[in-house]
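Pasting run-v4.pdb here (PDB, C-alpha atoms):
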```pdb
ATOM      1  CA  MET A   1     -65.362 -61.502 -52.379
ATOM      2  CA  SER A   2     -64.640 -64.872 -50.936
ATOM      3  CA  PRO A   3     -61.168 -65.853 -49.760
ATOM      4  CA  LEU A   4     -59.506 -68.938 -51.136
ATOM      5  CA  GLU A   5     -60.140 -72.151 -49.203
ATOM      6  CA  ASN A   6     -56.499 -73.111 -48.628
ATOM      7  CA  GLU A   7     -55.236 -69.550 -48.024
ATOM      8  CA  PRO A   8     -57.598 -67.529 -45.801
ATOM      9  CA  GLY A   9     -55.772 -64.200 -46.342
ATOM     10  CA  LEU A  10     -55.818 -64.368 -50.177
ATOM     11  CA  PHE A  11     -58.591 -63.761 -52.749
ATOM     12  CA  ALA A  12     -59.089 -65.385 -56.123
ATOM     13  CA  GLU A  13     -57.381 -63.581 -59.007
ATOM     14  CA  ALA A  14     -60.492 -63.466 -61.169
ATOM     15  CA  GLU A  15     -62.499 -61.825 -58.372
ATOM     16  CA  LEU A  16     -59.764 -59.251 -57.791
ATOM     17  CA  ARG A  17     -59.594 -58.370 -61.490
ATOM     18  CA  ARG A  18     -63.369 -58.013 -61.647
ATOM     19  CA  ALA A  19     -63.310 -55.720 -58.595
ATOM     20  CA  LEU A  20     -60.563 -53.525 -60.045
ATOM     21  CA  ARG A  21     -62.250 -52.823 -63.407
ATOM     22  CA  LEU A  22     -62.824 -49.181 -64.155
ATOM     23  CA  ASP A  23     -66.284 -47.632 -64.382
ATOM     24  CA  ALA A  24     -67.442 -46.262 -67.724
ATOM     25  CA  ALA A  25     -66.769 -42.698 -66.526
ATOM     26  CA  GLU A  26     -63.196 -43.577 -65.574
ATOM     27  CA  LEU A  27     -62.183 -45.138 -68.902
ATOM     28  CA  PRO A  28     -59.863 -43.054 -71.095
ATOM     29  CA  PRO A  29     -61.418 -41.697 -74.288
ATOM     30  CA  ARG A  30     -61.017 -43.867 -77.370
ATOM     31  CA  LEU A  31     -58.996 -42.628 -80.330
ATOM     32  CA  ASP A  32     -61.277 -41.456 -83.110
ATOM     33  CA  ALA A  33     -59.570 -41.491 -86.522
ATOM     34  CA  ALA A  34     -62.089 -39.061 -88.013
ATOM     35  CA  ALA A  35     -61.481 -36.565 -85.202
ATOM     36  CA  LEU A  36     -57.733 -36.811 -85.706
ATOM     37  CA  VAL A  37     -58.045 -36.207 -89.468
ATOM     38  CA  ALA A  38     -60.345 -33.214 -88.871
ATOM     39  CA  ARG A  39     -57.884 -31.778 -86.373
ATOM     40  CA  MET A  40     -54.996 -32.114 -88.830
ATOM     41  CA  ARG A  41     -57.001 -30.455 -91.617
ATOM     42  CA  GLU A  42     -58.019 -27.484 -89.539
ATOM     43  CA  GLY A  43     -54.634 -26.742 -88.034
ATOM     44  CA  PRO A  44     -51.696 -27.113 -90.411
ATOM     45  CA  SER A  45     -50.160 -24.118 -88.659
ATOM     46  CA  VAL A  46     -49.465 -26.368 -85.677
ATOM     47  CA  ALA A  47     -47.392 -28.683 -87.879
ATOM     48  CA  VAL A  48     -45.505 -25.752 -89.384
ATOM     49  CA  ALA A  49     -44.870 -24.269 -85.945
ATOM     50  CA  SER A  50     -43.640 -27.646 -84.725
ATOM     51  CA  LEU A  51     -41.285 -27.956 -87.698
ATOM     52  CA  VAL A  52     -39.930 -24.444 -87.177
ATOM     53  CA  SER A  53     -39.440 -25.126 -83.462
ATOM     54  CA  ALA A  54     -37.554 -28.353 -84.183
ATOM     55  CA  MET A  55     -35.342 -26.639 -86.756
ATOM     56  CA  LEU A  56     -34.576 -23.835 -84.285
ATOM     57  CA  ALA A  57     -33.658 -26.378 -81.617
ATOM     58  CA  VAL A  58     -31.319 -28.217 -84.007
ATOM     59  CA  ALA A  59     -29.684 -24.947 -85.089
ATOM     60  CA  SER A  60     -29.207 -23.901 -81.456
ATOM     61  CA  ALA A  61     -27.648 -27.257 -80.561
ATOM     62  CA  ALA A  62     -25.315 -27.078 -83.568
ATOM     63  CA  GLY A  63     -24.283 -23.540 -82.645
ATOM     64  CA  LEU A  64     -23.622 -24.604 -79.068
ATOM     65  CA  ILE A  65     -21.495 -27.547 -80.199
ATOM     66  CA  VAL A  66     -19.489 -25.336 -82.563
ATOM     67  CA  GLY A  67     -18.998 -22.708 -79.855
ATOM     68  CA  VAL A  68     -17.790 -25.247 -77.305
ATOM     69  CA  THR A  69     -15.427 -26.794 -79.861
ATOM     70  CA  ILE A  70     -13.923 -23.410 -80.745
ATOM     71  CA  ALA A  71     -13.541 -22.498 -77.070
ATOM     72  CA  LEU A  72     -11.834 -25.803 -76.268
ATOM     73  CA  THR A  73      -9.417 -25.507 -79.170
ATOM     74  CA  ALA A  74      -8.483 -22.020 -77.988
ATOM     75  CA  ILE A  75      -8.012 -23.055 -74.357
ATOM     76  CA  ALA A  76      -6.518 -26.551 -74.837
ATOM     77  CA  PRO A  77      -2.879 -25.468 -75.514
ATOM     78  CA  GLU A  78      -2.832 -23.368 -72.357
ATOM     79  CA  LEU A  79      -4.329 -26.169 -70.288
ATOM     80  CA  LEU A  80      -1.823 -28.662 -71.671
ATOM     81  CA  ALA A  81       1.061 -26.287 -70.977
ATOM     82  CA  ASP A  82      -0.136 -25.788 -67.407
ATOM     83  CA  GLY A  83      -0.449 -29.547 -66.916
ATOM     84  CA  TYR A  84       3.008 -30.140 -68.330
ATOM     85  CA  GLY A  85       4.452 -27.427 -66.075
ATOM     86  CA  LEU A  86       2.738 -28.943 -63.043
ATOM     87  CA  ALA A  87       4.101 -32.402 -63.854
ATOM     88  CA  LEU A  88       7.628 -31.035 -64.297
ATOM     89  CA  GLY A  89       7.359 -29.166 -60.999
ATOM     90  CA  LEU A  90       6.284 -32.335 -59.200
ATOM     91  CA  VAL A  91       9.183 -34.279 -60.693
ATOM     92  CA  ALA A  92      11.641 -31.573 -59.618
ATOM     93  CA  ALA A  93      10.115 -31.331 -56.136
ATOM     94  CA  THR A  94      10.502 -35.079 -55.581
ATOM     95  CA  ALA A  95      13.932 -35.323 -57.226
ATOM     96  CA  ILE A  96      15.594 -32.841 -54.849
ATOM     97  CA  PRO A  97      15.020 -34.857 -51.630
ATOM     98  CA  ILE A  98      15.802 -38.125 -53.416
ATOM     99  CA  THR A  99      19.244 -36.870 -54.497
ATOM    100  CA  GLY A 100      20.262 -36.335 -50.872
ATOM    101  CA  PHE A 101      19.079 -39.838 -50.007
ATOM    102  CA  LEU A 102      20.957 -41.339 -52.965
ATOM    103  CA  GLU A 103      24.162 -39.439 -52.132
ATOM    104  CA  THR A 104      24.134 -41.086 -48.710
ATOM    105  CA  PHE A 105      23.876 -44.536 -50.251
ATOM    106  CA  GLU A 106      26.662 -43.785 -52.724
ATOM    107  CA  GLN A 107      29.150 -43.785 -49.850
ATOM    108  CA  PRO A 108      30.952 -47.142 -49.823
ATOM    109  CA  THR A 109      30.537 -47.690 -46.083
ATOM    110  CA  ILE A 110      26.717 -47.779 -46.149
ATOM    111  CA  PRO A 111      26.260 -50.783 -48.488
ATOM    112  CA  ILE A 112      29.082 -52.650 -46.784
ATOM    113  CA  ALA A 113      27.538 -52.050 -43.347
ATOM    114  CA  ALA A 114      24.099 -53.084 -44.608
ATOM    115  CA  LEU A 115      25.510 -56.298 -46.107
ATOM    116  CA  ALA A 116      27.335 -57.084 -42.874
ATOM    117  CA  ALA A 117      24.138 -56.495 -40.862
ATOM    118  CA  VAL A 118      22.212 -58.882 -43.112
ATOM    119  CA  MET A 119      24.929 -61.527 -42.768
ATOM    120  CA  PHE A 120      24.944 -61.213 -38.951
ATOM    121  CA  ALA A 121      21.137 -61.410 -38.852
ATOM    122  CA  ILE A 122      21.171 -64.588 -40.969
ATOM    123  CA  ALA A 123      23.826 -66.162 -38.793
ATOM    124  CA  TYR A 124      21.926 -65.225 -35.610
ATOM    125  CA  GLU A 125      18.634 -66.672 -36.915
ATOM    126  CA  TYR A 126      20.399 -69.833 -38.042
ATOM    127  CA  GLY A 127      21.917 -70.226 -34.587
ATOM    128  CA  GLN A 128      18.563 -69.648 -32.884
ATOM    129  CA  ARG A 129      16.879 -72.235 -35.082
ATOM    130  CA  LYS A 130      19.640 -74.752 -34.332
ATOM    131  CA  GLU A 131      19.271 -74.126 -30.563
ATOM    132  CA  ARG A 132      15.481 -74.634 -30.762
ATOM    133  CA  THR A 133      15.968 -77.866 -32.665
ATOM    134  CA  ASN A 134      18.494 -79.126 -30.098
ATOM    135  CA  ALA A 135      16.189 -78.159 -27.215
ATOM    136  CA  ILE A 136      13.250 -80.028 -28.728
ATOM    137  CA  HIS A 137      15.176 -83.235 -29.514
ATOM    138  CA  THR A 138      17.092 -83.555 -26.189
ATOM    139  CA  PRO A 139      15.601 -86.112 -23.797
TER     140      PRO A 139
END
```
Same coordinates, now as structure tokens:
Amino acid sequence: MSPLENEPGLFAEAELRRALRLDAAELPPRLDAAALVARMREGPSVAVASLVSAMLAVASAAGLIVGVTIALTAIAPELLADGYGLALGLVAATAIPITGFLETFEQPTIPIAALAAVMFAIAYEYGQRKERTNAIHTP
């Protein structure tokens, strides 16, 4: 094989294809139609066995699907009841601590104190901003 002139590390595609061709002993056997017909005539039992095997597989799959469906319909109400009970338990478990928190905020002094704190914070920030503005603009 001779490398290409402009690329010393590469070979021509045609030369590579010619080098990679299989020998006659390595070629796969050709399909012979007469041999296939003779094989089918001598062994119809293979076709019957194949048909019986396929029918058995289909029947087994259908039986499995029916069995799983019956099992799920028998178990589904219990699973749904358990899920519903779990959800109700979680709601109750979170509602109990929240009620104590809400009772605290139902007292009239808490919202009034929170509103007053927000008003004082706004007034303080407004005063700080005004002082910064005065400090920047004074000569």
Put a box with edges along x, y and z around all the listed atoms of region 48-63 of chain A, pad it by 3 Å on each side, then give me its centre and sizes in Å, one decimal, as lines of an AutoDock Vina configuration file.
```
center_x = -34.9
center_y = -25.9
center_z = -85.0
size_x = 27.2
size_y = 10.8
size_z = 14.8
```
**Fill in**
Separating CA of Ala121 (chain A) from CA of Thr99 (chain A), to the nearest tenth of an Å, is a gap of 29.2 Å
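Atom pair CA of Leu36 (chain A) / CA of Met55 (chain A) has a distance of 24.6 Å (rounded to one decimal).
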**Between CA of Ile98 (chain A) and CA of Met119 (chain A) - distance in Å to one decimal** = 27.3 Å
